[in-house]
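These notes concern the structure reproduced below.
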Amino acid sequence: MAANLTPMYLAAEAKYRAAKTPEDKLAALEEMWRELPKHKSSEKLQADLKKKLSAARKALQQTGKKGPTRADPFYIPKTGAGQIALIGTPNVGKSSIVGGLTKAHVNITDYPFGTATPLPGMVPYEDIQIQLIDTPPVTAEHVPAGFPGLWRTADALVVVVDVSSDSVLEDVEACLNHLAERHIELTDGPRRLPQEPGATLKVPGLMLANKIDLAGASDNLDMLRELFDAPVRIEPLSTRDADRMARLPELLFKLIRVIRVYAKPPGKKPDLDEPFALPAGSDVHELARKVYRGHDRRIQSARIWGHGVADGQNVHLDHMLHDGDVVELRAD
Ligand SMILES: Nc1nc2c(ncn2[C@@H]2O[C@H](COP(=O)(O)OP(=O)(O)O)[C@@H](O)[C@H]2O)c(=O)[nH]1
Ligand SMILES: [Mg+2]
């Protein structure tokens with residue numbers, strides 16, 4: 001294969017071929033674009049994809065519905081080490097979470113539907129940033145147009161519930177049912193693309209049981225854990241409790257399943273300020289792709305300082321990397 005296509009790209013392409021709605025087609029194309037190695041050998045494919053992307057965006061606009069248009073507010077370019085979207089019914093504390101962890105100017109209101117459009121903020125965690133998106137609410141009957149596209153493309157989803165509410169079970173179910181209707185399941189494991197048309201997409205997820213400070217919330221949390229066969233971890237939270245809020249960035253970091261790798265030019269010190277965030281399980285090849293981006297450079301050799309290797313050990317390009325590794329790449 002001239003362009004060195006990855007299994008992730010091929011899976012996205014399969015999804016595209018299976019997609020029936022304009023919305024699904026666009027989501028799959030966007031995923032293909034992300035997964036496409038951007039070097040010289042793929043130039044033709046890149047041009048081709050760009051054409052398909054713009055046609056798919058047009059097709060969406062012409063569906064007539066008020067749905068996503070060229071200015072789809074739910075299309076949020078990924079920045080930082082990973083993108084996480086919140087999902088929840090009205091008034092559960094979504095905006096308070098994003099407001100507490102990021103510098104985003106969220107709108108916190110004591111009435112429902114205070115958030116009309118999605119709003120991303122950056123959560124600092126050690127030496128990286130994670131993009132966290134505040135979103136308008138879903139209800140059992142309603143999903144904001146365009147939101148499902150974000151569910152598919154985000155690296156992880158966080159379901160937020162008000163655990164002090166009598167309707168907490170229904171609220172959880174409303175969220176999970178909307179996902180299930182679109183063949184999306186939350187998982188404690190890694191992201192898993194559908195293996196065949198119509199199969200489910202598994203997205204890493206977490207559930208935040210917010211407002212644990214209020215009366216009745218602890219009992220409800222016990223009930224939730226007992227009655228509800230949660231596919232993911234349920235973490236109690238109060239946005240008014242600084243300690244609980246301070247634990248969130250690490251949970252979010254674990255959710256996106258990335259490793260931080262530090263690149264080192266030959267003979268120089270590594271740049272320890274700016275790690276490359278790579279999907280867990282990545283090898284040296286994948287690091288090189290990120291480091292050299294569009295440039296078609298061949299890696300001659302790599303040396304590693306870090307997990308399970310002697311300092312400066314020479315490794316093959318298929319050597320699996322670990323969080324915190326320092327890698328010296330020699331390219332031609
Ligand atoms: N008691 C309590 N109130 C909270 C908590 N988090 C948010 N709130 C309040 O719940 C209301 C809705 O919060 P908001 O963040 O706007 O919810 P959203 O609609 O899900 O974005 C506001 O009055 C918040 O002050 C919490 O942990 N405990
Ligand atoms: Mg809100």
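Letters A, B, ... go to the chains of the structure tokens in the order shown; residues in each chain start at 1; ligands are counted from 1 in the same order.
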
Write out as an mmCIF file with all heavy atoms, in the first residue's frame the residues lying within 12 Å of Val143 of chain A, counting only C-alpha atoms and excluding same-chain residues fewer than 3 positions away.
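Once written, around.cif looks like this:
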```
data_model
loop_
_atom_site.group_PDB
_atom_site.id
_atom_site.type_symbol
_atom_site.label_atom_id
_atom_site.label_comp_id
_atom_site.auth_asym_id
_atom_site.auth_seq_id
_atom_site.Cartn_x
_atom_site.Cartn_y
_atom_site.Cartn_z
ATOM 1 N N GLY A 67 -30.546 20.707 11.292
ATOM 2 C CA GLY A 67 -29.348 19.982 11.742
ATOM 3 C C GLY A 67 -28.026 20.655 11.424
ATOM 4 O O GLY A 67 -27.983 21.821 11.084
ATOM 5 N N ILE A 87 -22.082 14.456 28.643
ATOM 6 C CA ILE A 87 -23.465 14.256 28.221
ATOM 7 C C ILE A 87 -24.304 14.112 29.486
ATOM 8 O O ILE A 87 -23.903 13.446 30.438
ATOM 9 C CB ILE A 87 -23.617 13.029 27.282
ATOM 10 C CG1 ILE A 87 -25.093 12.666 27.092
ATOM 11 C CG2 ILE A 87 -22.841 11.834 27.758
ATOM 12 C CD1 ILE A 87 -25.334 11.630 26.008
ATOM 13 N N GLY A 88 -25.444 14.815 29.503
ATOM 14 C CA GLY A 88 -26.272 14.745 30.696
ATOM 15 C C GLY A 88 -27.584 15.471 30.495
ATOM 16 O O GLY A 88 -27.732 16.265 29.564
ATOM 17 N N THR A 89 -28.540 15.180 31.388
ATOM 18 C CA THR A 89 -29.830 15.848 31.347
ATOM 19 C C THR A 89 -29.661 17.268 31.909
ATOM 20 O O THR A 89 -28.585 17.614 32.397
ATOM 21 C CB THR A 89 -30.859 15.017 32.148
ATOM 22 O OG1 THR A 89 -30.291 14.716 33.415
ATOM 23 C CG2 THR A 89 -31.183 13.709 31.435
ATOM 24 N N PRO A 90 -30.710 18.106 31.874
ATOM 25 C CA PRO A 90 -30.554 19.504 32.297
ATOM 26 C C PRO A 90 -30.200 19.643 33.784
ATOM 27 O O PRO A 90 -30.627 18.837 34.612
ATOM 28 C CB PRO A 90 -31.942 20.109 32.028
ATOM 29 C CG PRO A 90 -32.573 19.213 31.023
ATOM 30 C CD PRO A 90 -32.038 17.842 31.285
ATOM 31 N N THR A 135 -21.700 20.772 27.158
ATOM 32 C CA THR A 135 -22.684 20.573 26.090
ATOM 33 C C THR A 135 -24.084 20.934 26.560
ATOM 34 O O THR A 135 -24.372 20.931 27.756
ATOM 35 C CB THR A 135 -22.694 19.089 25.650
ATOM 36 O OG1 THR A 135 -22.913 18.269 26.798
ATOM 37 C CG2 THR A 135 -21.402 18.695 24.984
ATOM 38 N N PRO A 136 -24.972 21.228 25.599
ATOM 39 C CA PRO A 136 -26.384 21.424 25.943
ATOM 40 C C PRO A 136 -26.948 20.085 26.422
ATOM 41 O O PRO A 136 -26.404 19.036 26.083
ATOM 42 C CB PRO A 136 -27.027 21.833 24.620
ATOM 43 C CG PRO A 136 -25.936 22.000 23.642
ATOM 44 C CD PRO A 136 -24.728 21.338 24.162
ATOM 45 N N PRO A 137 -28.043 20.130 27.171
ATOM 46 C CA PRO A 137 -28.563 18.892 27.747
ATOM 47 C C PRO A 137 -29.305 18.025 26.746
ATOM 48 O O PRO A 137 -29.826 18.514 25.744
ATOM 49 C CB PRO A 137 -29.544 19.408 28.803
ATOM 50 C CG PRO A 137 -29.984 20.735 28.293
ATOM 51 C CD PRO A 137 -28.806 21.323 27.568
ATOM 52 N N VAL A 138 -29.348 16.724 27.064
ATOM 53 C CA VAL A 138 -30.278 15.828 26.374
ATOM 54 C C VAL A 138 -31.430 15.585 27.343
ATOM 55 O O VAL A 138 -31.279 15.769 28.551
ATOM 56 C CB VAL A 138 -29.628 14.473 26.016
ATOM 57 C CG1 VAL A 138 -28.434 14.669 25.109
ATOM 58 C CG2 VAL A 138 -29.228 13.701 27.264
ATOM 59 N N THR A 139 -32.579 15.217 26.811
ATOM 60 C CA THR A 139 -33.666 14.733 27.660
ATOM 61 C C THR A 139 -34.081 13.391 27.070
ATOM 62 O O THR A 139 -33.580 13.007 26.005
ATOM 63 C CB THR A 139 -34.877 15.681 27.637
ATOM 64 O OG1 THR A 139 -35.400 15.698 26.305
ATOM 65 C CG2 THR A 139 -34.497 17.086 28.062
ATOM 66 N N ALA A 140 -34.992 12.706 27.759
ATOM 67 C CA ALA A 140 -35.421 11.398 27.241
ATOM 68 C C ALA A 140 -35.950 11.536 25.822
ATOM 69 O O ALA A 140 -35.801 10.638 24.994
ATOM 70 C CB ALA A 140 -36.482 10.789 28.162
ATOM 71 N N GLY A 146 -26.836 17.361 15.815
ATOM 72 C CA GLY A 146 -25.383 17.428 15.657
ATOM 73 C C GLY A 146 -24.615 16.774 16.791
ATOM 74 O O GLY A 146 -23.447 16.401 16.638
ATOM 75 N N PHE A 147 -25.256 16.622 17.952
ATOM 76 C CA PHE A 147 -24.566 16.080 19.119
ATOM 77 C C PHE A 147 -24.046 14.655 18.870
ATOM 78 O O PHE A 147 -22.900 14.333 19.212
ATOM 79 C CB PHE A 147 -25.523 16.133 20.320
ATOM 80 C CG PHE A 147 -24.875 16.060 21.677
ATOM 81 C CD1 PHE A 147 -25.650 16.147 22.836
ATOM 82 C CD2 PHE A 147 -23.498 15.901 21.828
ATOM 83 C CE1 PHE A 147 -25.078 16.076 24.104
ATOM 84 C CE2 PHE A 147 -22.917 15.829 23.096
ATOM 85 C CZ PHE A 147 -23.716 15.904 24.223
ATOM 86 N N PRO A 148 -24.858 13.773 18.244
ATOM 87 C CA PRO A 148 -24.370 12.402 18.030
ATOM 88 C C PRO A 148 -23.067 12.331 17.230
ATOM 89 O O PRO A 148 -22.264 11.416 17.437
ATOM 90 C CB PRO A 148 -25.521 11.732 17.271
ATOM 91 C CG PRO A 148 -26.734 12.468 17.738
ATOM 92 C CD PRO A 148 -26.293 13.904 17.863
ATOM 93 N N GLY A 149 -22.859 13.291 16.346
ATOM 94 C CA GLY A 149 -21.591 13.318 15.611
ATOM 95 C C GLY A 149 -20.418 13.428 16.572
ATOM 96 O O GLY A 149 -19.390 12.765 16.413
ATOM 97 N N LEU A 150 -20.582 14.249 17.593
ATOM 98 C CA LEU A 150 -19.530 14.437 18.596
ATOM 99 C C LEU A 150 -19.345 13.173 19.440
ATOM 100 O O LEU A 150 -18.227 12.812 19.799
ATOM 101 C CB LEU A 150 -19.882 15.637 19.484
ATOM 102 C CG LEU A 150 -18.901 16.008 20.592
ATOM 103 C CD1 LEU A 150 -17.519 16.320 20.030
ATOM 104 C CD2 LEU A 150 -19.410 17.205 21.391
ATOM 105 N N TRP A 151 -20.441 12.482 19.733
ATOM 106 C CA TRP A 151 -20.318 11.231 20.505
ATOM 107 C C TRP A 151 -19.411 10.252 19.785
ATOM 108 O O TRP A 151 -18.661 9.520 20.392
ATOM 109 C CB TRP A 151 -21.693 10.567 20.694
ATOM 110 C CG TRP A 151 -22.664 11.381 21.476
ATOM 111 C CD1 TRP A 151 -22.370 12.429 22.296
ATOM 112 C CD2 TRP A 151 -24.087 11.231 21.508
ATOM 113 N NE1 TRP A 151 -23.518 12.936 22.836
ATOM 114 C CE2 TRP A 151 -24.582 12.215 22.367
ATOM 115 C CE3 TRP A 151 -24.973 10.351 20.879
ATOM 116 C CZ2 TRP A 151 -25.949 12.361 22.636
ATOM 117 C CZ3 TRP A 151 -26.329 10.483 21.148
ATOM 118 C CH2 TRP A 151 -26.806 11.484 22.020
ATOM 119 N N ALA A 174 -31.736 7.684 30.075
ATOM 120 C CA ALA A 174 -31.969 8.562 28.921
ATOM 121 C C ALA A 174 -30.670 8.742 28.140
ATOM 122 O O ALA A 174 -30.642 8.609 26.910
ATOM 123 C CB ALA A 174 -32.509 9.914 29.384
ATOM 124 N N CYS A 175 -29.595 9.014 28.855
ATOM 125 C CA CYS A 175 -28.303 9.229 28.176
ATOM 126 C C CYS A 175 -27.853 7.962 27.453
ATOM 127 O O CYS A 175 -27.509 7.990 26.270
ATOM 128 C CB CYS A 175 -27.226 9.637 29.177
ATOM 129 S SG CYS A 175 -27.537 11.217 29.974
ATOM 130 N N LEU A 176 -27.864 6.831 28.184
ATOM 131 C CA LEU A 176 -27.330 5.604 27.595
ATOM 132 C C LEU A 176 -28.215 5.104 26.442
ATOM 133 O O LEU A 176 -27.708 4.543 25.470
ATOM 134 C CB LEU A 176 -27.174 4.521 28.667
ATOM 135 C CG LEU A 176 -26.175 4.880 29.780
ATOM 136 C CD1 LEU A 176 -25.969 3.686 30.710
ATOM 137 C CD2 LEU A 176 -24.834 5.348 29.211
ATOM 138 N N ASN A 177 -29.535 5.340 26.549
ATOM 139 C CA ASN A 177 -30.414 4.918 25.459
ATOM 140 C C ASN A 177 -30.141 5.698 24.181
ATOM 141 O O ASN A 177 -30.153 5.131 23.086
ATOM 142 C CB ASN A 177 -31.888 5.088 25.845
ATOM 143 C CG ASN A 177 -32.330 4.006 26.819
ATOM 144 O OD1 ASN A 177 -31.638 2.987 26.971
ATOM 145 N ND2 ASN A 177 -33.448 4.230 27.496
ATOM 146 N N HIS A 178 -29.919 7.000 24.335
ATOM 147 C CA HIS A 178 -29.607 7.793 23.146
ATOM 148 C C HIS A 178 -28.339 7.274 22.478
ATOM 149 O O HIS A 178 -28.257 7.203 21.249
ATOM 150 C CB HIS A 178 -29.426 9.269 23.504
ATOM 151 C CG HIS A 178 -30.720 9.971 23.798
ATOM 152 N ND1 HIS A 178 -31.800 9.909 22.946
ATOM 153 C CD2 HIS A 178 -31.098 10.733 24.847
ATOM 154 C CE1 HIS A 178 -32.795 10.624 23.464
ATOM 155 N NE2 HIS A 178 -32.393 11.124 24.619
ATOM 156 N N LEU A 179 -27.355 6.921 23.288
ATOM 157 C CA LEU A 179 -26.116 6.386 22.721
ATOM 158 C C LEU A 179 -26.404 5.048 22.038
ATOM 159 O O LEU A 179 -26.002 4.819 20.895
ATOM 160 C CB LEU A 179 -25.058 6.194 23.821
ATOM 161 C CG LEU A 179 -24.545 7.471 24.498
ATOM 162 C CD1 LEU A 179 -23.655 7.135 25.686
ATOM 163 C CD2 LEU A 179 -23.774 8.331 23.508
ATOM 164 N N GLU A 181 -29.102 3.867 20.804
ATOM 165 C CA GLU A 181 -29.852 4.009 19.557
ATOM 166 C C GLU A 181 -28.942 4.290 18.371
ATOM 167 O O GLU A 181 -29.277 4.016 17.225
ATOM 168 C CB GLU A 181 -30.847 5.170 19.670
ATOM 169 C CG GLU A 181 -32.213 4.742 20.155
ATOM 170 C CD GLU A 181 -33.070 5.956 20.481
ATOM 171 O OE1 GLU A 181 -32.936 6.991 19.788
ATOM 172 O OE2 GLU A 181 -33.850 5.856 21.444
ATOM 173 N N ARG A 182 -27.803 4.878 18.670
ATOM 174 C CA ARG A 182 -26.851 5.182 17.603
ATOM 175 C C ARG A 182 -25.688 4.211 17.601
ATOM 176 O O ARG A 182 -24.609 4.511 17.105
ATOM 177 C CB ARG A 182 -26.377 6.621 17.747
ATOM 178 C CG ARG A 182 -27.483 7.574 17.327
ATOM 179 C CD ARG A 182 -27.396 8.894 18.043
ATOM 180 N NE ARG A 182 -28.524 9.737 17.664
ATOM 181 C CZ ARG A 182 -29.657 9.808 18.380
ATOM 182 N NH1 ARG A 182 -29.794 9.086 19.483
ATOM 183 N NH2 ARG A 182 -30.630 10.593 17.991
#
```

Can you tell me which residues sit at most 10 Å away from ligand 1, counting only C-alpha atoms and all ligand atoms, written as a PDB file with C-alpha atoms, in the first residue's frame?
```pdb
ATOM      1  CA  LEU A  86     -19.957  15.596  28.605  1.00  0.00           C
ATOM      2  CA  ILE A  87     -23.465  14.256  28.221  1.00  0.00           C
ATOM      3  CA  GLY A  88     -26.272  14.745  30.696  1.00  0.00           C
ATOM      4  CA  THR A  89     -29.830  15.848  31.347  1.00  0.00           C
ATOM      5  CA  PRO A  90     -30.554  19.504  32.297  1.00  0.00           C
ATOM      6  CA  ASN A  91     -29.176  21.092  35.451  1.00  0.00           C
ATOM      7  CA  VAL A  92     -26.943  18.237  36.619  1.00  0.00           C
ATOM      8  CA  GLY A  93     -23.779  20.367  36.819  1.00  0.00           C
ATOM      9  CA  LYS A  94     -22.101  19.902  33.418  1.00  0.00           C
ATOM     10  CA  SER A  95     -21.211  23.569  33.058  1.00  0.00           C
ATOM     11  CA  SER A  96     -20.033  23.717  36.679  1.00  0.00           C
ATOM     12  CA  ILE A  97     -17.600  20.857  35.968  1.00  0.00           C
ATOM     13  CA  VAL A  98     -16.139  22.464  32.848  1.00  0.00           C
ATOM     14  CA  GLY A  99     -16.080  25.857  34.596  1.00  0.00           C
ATOM     15  CA  GLY A 100     -14.275  24.358  37.588  1.00  0.00           C
ATOM     16  CA  VAL A 106     -19.322  28.568  30.828  1.00  0.00           C
ATOM     17  CA  ASN A 107     -22.827  29.612  31.707  1.00  0.00           C
ATOM     18  CA  ILE A 108     -23.860  28.129  35.065  1.00  0.00           C
ATOM     19  CA  THR A 109     -27.538  28.621  35.813  1.00  0.00           C
ATOM     20  CA  ASP A 110     -29.942  27.419  38.456  1.00  0.00           C
ATOM     21  CA  TYR A 111     -32.495  26.784  35.742  1.00  0.00           C
ATOM     22  CA  PRO A 112     -32.381  24.124  33.000  1.00  0.00           C
ATOM     23  CA  PHE A 113     -31.193  24.696  29.409  1.00  0.00           C
ATOM     24  CA  GLY A 114     -28.707  27.409  30.402  1.00  0.00           C
ATOM     25  CA  THR A 115     -26.197  25.975  27.922  1.00  0.00           C
ATOM     26  CA  ALA A 116     -27.291  26.385  24.312  1.00  0.00           C
ATOM     27  CA  ASP A 134     -19.512  21.440  27.981  1.00  0.00           C
ATOM     28  CA  THR A 135     -22.684  20.573  26.090  1.00  0.00           C
ATOM     29  CA  PRO A 136     -26.384  21.424  25.943  1.00  0.00           C
ATOM     30  CA  PRO A 137     -28.563  18.892  27.747  1.00  0.00           C
ATOM     31  CA  VAL A 138     -30.278  15.828  26.374  1.00  0.00           C
ATOM     32  CA  VAL A 160     -23.001  13.497  34.301  1.00  0.00           C
ATOM     33  CA  VAL A 161     -25.972  12.881  36.591  1.00  0.00           C
ATOM     34  CA  ASP A 162     -27.460  14.672  39.573  1.00  0.00           C
ATOM     35  CA  VAL A 163     -27.326  11.840  42.092  1.00  0.00           C
ATOM     36  CA  SER A 164     -29.455  13.811  44.569  1.00  0.00           C
ATOM     37  CA  ALA A 209     -22.508  11.182  40.178  1.00  0.00           C
ATOM     38  CA  ASN A 210     -22.617  14.907  40.898  1.00  0.00           C
ATOM     39  CA  LYS A 211     -24.164  16.843  43.789  1.00  0.00           C
ATOM     40  CA  ILE A 212     -23.070  14.159  46.255  1.00  0.00           C
ATOM     41  CA  ASP A 213     -23.093  16.992  48.839  1.00  0.00           C
ATOM     42  CA  LEU A 214     -26.886  17.146  48.822  1.00  0.00           C
ATOM     43  CA  ALA A 215     -29.272  15.223  51.074  1.00  0.00           C
ATOM     44  CA  PRO A 236     -19.101  10.521  43.143  1.00  0.00           C
ATOM     45  CA  LEU A 237     -18.541  14.251  42.730  1.00  0.00           C
ATOM     46  CA  SER A 238     -19.494  17.609  44.075  1.00  0.00           C
ATOM     47  CA  THR A 239     -18.398  20.617  42.100  1.00  0.00           C
ATOM     48  CA  ARG A 240     -18.376  22.425  45.452  1.00  0.00           C
ATOM     49  CA  ASP A 241     -15.780  20.043  46.884  1.00  0.00           C
ATOM     50  CA  ARG A 244     -13.118  15.776  44.584  1.00  0.00           C
ATOM     51  CA  MET A 245     -12.714  18.229  41.721  1.00  0.00           C
TER      52      MET A 245
END
```

Taking 4 positions as the minimum chain separation for residues in the same chain, which residues sit within 12 Å of segment 123-125 of chain A when counting only C-alpha atoms? Answer as a short mmCIF file (atom, residue, chain, number, x, y, z; two decimals) with C-alpha atoms, in the first residue's frame.
```cif
data_model
loop_
_atom_site.label_atom_id
_atom_site.label_comp_id
_atom_site.auth_asym_id
_atom_site.auth_seq_id
_atom_site.Cartn_x
_atom_site.Cartn_y
_atom_site.Cartn_z
CA THR A 79 -6.71 20.19 20.57
CA GLY A 80 -4.50 18.84 23.34
CA ALA A 81 -3.95 15.20 24.22
CA GLY A 82 -7.56 14.11 23.83
CA GLN A 83 -11.15 15.25 23.45
CA ILE A 84 -13.82 14.40 26.03
CA ILE A 97 -17.60 20.86 35.97
CA VAL A 98 -16.14 22.46 32.85
CA GLY A 99 -16.08 25.86 34.60
CA GLY A 100 -14.27 24.36 37.59
CA LEU A 101 -11.60 22.52 35.62
CA THR A 102 -10.91 24.90 32.74
CA LYS A 103 -10.79 28.58 31.92
CA ALA A 104 -13.79 28.30 29.58
CA GLN A 129 -3.92 19.48 28.39
CA ILE A 130 -7.14 17.60 27.82
CA GLN A 131 -10.04 19.13 25.92
CA LEU A 132 -13.30 18.91 27.86
CA ILE A 133 -16.52 19.99 26.16
CA MET A 245 -12.71 18.23 41.72
CA ALA A 246 -8.91 17.95 42.00
CA ARG A 247 -9.12 14.19 41.40
CA LEU A 248 -10.90 14.59 38.06
CA PRO A 249 -8.00 15.52 35.76
CA GLU A 250 -6.23 12.22 36.48
CA LEU A 251 -9.44 10.28 35.81
CA LEU A 252 -9.86 12.13 32.53
CA PHE A 253 -6.26 11.40 31.63
CA LYS A 254 -6.78 7.67 32.23
CA ARG A 260 3.31 10.84 26.83
#
```

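The residue that comes closest to ligand 2, out of A:Val258, A:Leu119, A:Ala242, A:Leu206 and on the basis of only C-alpha atoms and all ligand atoms, is A:Leu119.
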
Filtered DSSP result for segment 6-55 of chain A, state alpha helix (DSSP H), as JSON, numbers by chain: {"A": [7, 8, 9, 10, 11, 12, 13, 14, 15, 16, 17, 18, 22, 23, 24, 25, 26, 27, 28, 29, 30, 31, 32, 33, 34, 35, 43, 44, 45, 46, 47, 48, 49, 50, 51, 52, 53, 54, 55]}

Output C-alpha atoms for every residue in that selection, as a PDB file, in the first residue's frame.
```pdb
ATOM      1  CA  PRO A   7      -5.898  -0.404  10.495  1.00  0.00           C
ATOM      2  CA  MET A   8      -7.655   2.570  12.125  1.00  0.00           C
ATOM      3  CA  TYR A   9      -7.947   4.274   8.759  1.00  0.00           C
ATOM      4  CA  LEU A  10      -9.243   1.141   7.110  1.00  0.00           C
ATOM      5  CA  ALA A  11     -11.806   0.682   9.869  1.00  0.00           C
ATOM      6  CA  ALA A  12     -12.985   4.269   9.409  1.00  0.00           C
ATOM      7  CA  GLU A  13     -13.239   3.650   5.688  1.00  0.00           C
ATOM      8  CA  ALA A  14     -15.349   0.566   6.303  1.00  0.00           C
ATOM      9  CA  LYS A  15     -17.576   2.670   8.495  1.00  0.00           C
ATOM     10  CA  TYR A  16     -17.890   5.206   5.699  1.00  0.00           C
ATOM     11  CA  ARG A  17     -18.952   2.552   3.233  1.00  0.00           C
ATOM     12  CA  ALA A  18     -21.542   1.264   5.702  1.00  0.00           C
ATOM     13  CA  PRO A  22     -25.277  12.073   5.708  1.00  0.00           C
ATOM     14  CA  GLU A  23     -24.400  12.591   9.362  1.00  0.00           C
ATOM     15  CA  ASP A  24     -22.773   9.143   9.643  1.00  0.00           C
ATOM     16  CA  LYS A  25     -20.978   9.628   6.347  1.00  0.00           C
ATOM     17  CA  LEU A  26     -19.476  12.903   7.476  1.00  0.00           C
ATOM     18  CA  ALA A  27     -18.449  11.466  10.859  1.00  0.00           C
ATOM     19  CA  ALA A  28     -16.716   8.543   9.139  1.00  0.00           C
ATOM     20  CA  LEU A  29     -14.968  10.815   6.640  1.00  0.00           C
ATOM     21  CA  GLU A  30     -13.736  13.049   9.435  1.00  0.00           C
ATOM     22  CA  GLU A  31     -12.348   9.989  11.176  1.00  0.00           C
ATOM     23  CA  MET A  32     -10.648   8.863   7.943  1.00  0.00           C
ATOM     24  CA  TRP A  33      -9.103  12.296   7.605  1.00  0.00           C
ATOM     25  CA  ARG A  34      -7.737  12.125  11.133  1.00  0.00           C
ATOM     26  CA  GLU A  35      -6.316   8.662  10.608  1.00  0.00           C
ATOM     27  CA  GLU A  43      -1.262  13.226  -1.387  1.00  0.00           C
ATOM     28  CA  LYS A  44      -3.734  11.872  -3.890  1.00  0.00           C
ATOM     29  CA  LEU A  45      -5.801  10.253  -1.165  1.00  0.00           C
ATOM     30  CA  GLN A  46      -5.710  13.483   0.850  1.00  0.00           C
ATOM     31  CA  ALA A  47      -7.078  15.481  -2.079  1.00  0.00           C
ATOM     32  CA  ASP A  48      -9.690  12.832  -2.695  1.00  0.00           C
ATOM     33  CA  LEU A  49     -10.790  12.831   0.934  1.00  0.00           C
ATOM     34  CA  LYS A  50     -10.990  16.610   1.037  1.00  0.00           C
ATOM     35  CA  LYS A  51     -13.361  16.534  -1.917  1.00  0.00           C
ATOM     36  CA  LYS A  52     -15.512  13.877  -0.265  1.00  0.00           C
ATOM     37  CA  LEU A  53     -15.533  15.834   2.993  1.00  0.00           C
ATOM     38  CA  SER A  54     -16.761  19.000   1.375  1.00  0.00           C
ATOM     39  CA  ALA A  55     -19.416  17.068  -0.587  1.00  0.00           C
TER      40      ALA A  55
END
```

Counting only C-alpha atoms, the option among A:Ala85, A:Leu5, A:Ala19, A:Ala263 closest to Lys38 of chain A: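 That would be A:Leu5, the residue with the smallest distance to Lys38 of chain A.
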
Spatial neighbours of segment 302-306 of chain A, max dist 12 Å, only C-alpha atoms, sep filter under 6 positions, as a ChimeraX atom specification: /A:260-267,269-270,283-285,287-288,312-331

Atom-to-atom span, atom CA of Thr6 of chain A and atom CA of Ala154 of chain A, Å: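 Between atom CA of Thr6 of chain A and atom CA of Ala154 of chain A the gap is 19.2 Å.
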
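In terms of minimum interatomic distance to Glu226 of chain A, A:Leu169 ranks closest within A:Thr21, A:Leu169, A:Asp72, A:Lys290, counting only C-alpha atoms.
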
Polymer residues at most 12 Å from Leu224 of chain A, only C-alpha atoms, same-chain spacing of 5 or more positions, as a list in words: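 Within the cut-off, the hits are Val161, Asp162, Val163, Ser164, Ser165, Asp166, Ser167, Val168, Leu169, Glu170, Asp171, Val172, Glu173, Met207, Leu208, Ala209, Ala217, Ser218, Asp219, Asp229, Ala230, Arg233, Ile234, Glu235 and Pro236 of chain A.
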
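Shortest separation to ligand 2 among A:Phe74, A:Lys58, A:His105, A:Phe276 occurs at residue A:His105, atoms counted being only C-alpha atoms and all ligand atoms.
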
Shortest interatomic distance to ligand 2 - which of A:Pro231, A:Pro118, A:Gly216, A:Pro275, counting only C-alpha atoms and all ligand atoms: A:Pro118

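Among the candidate residues A:Asp155, A:Ile259, A:Met122, A:Asn4, the one lying nearest to Leu36 of chain A is A:Asn4, with distances computed using only C-alpha atoms.
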
Residue list (strand (DSSP E), DSSP) for segment 200-279 of chain A, as a list in words: Leu201, Lys202, Val203, Pro204, Gly205, Leu206, Met207, Leu208, Ala209, Asn210, Ile234, Glu235, Pro236, Val258, Ile259, Arg260, Val261, Tyr262, Ala263, Lys264, Phe276, Ala277, Leu278 and Pro279 of chain A
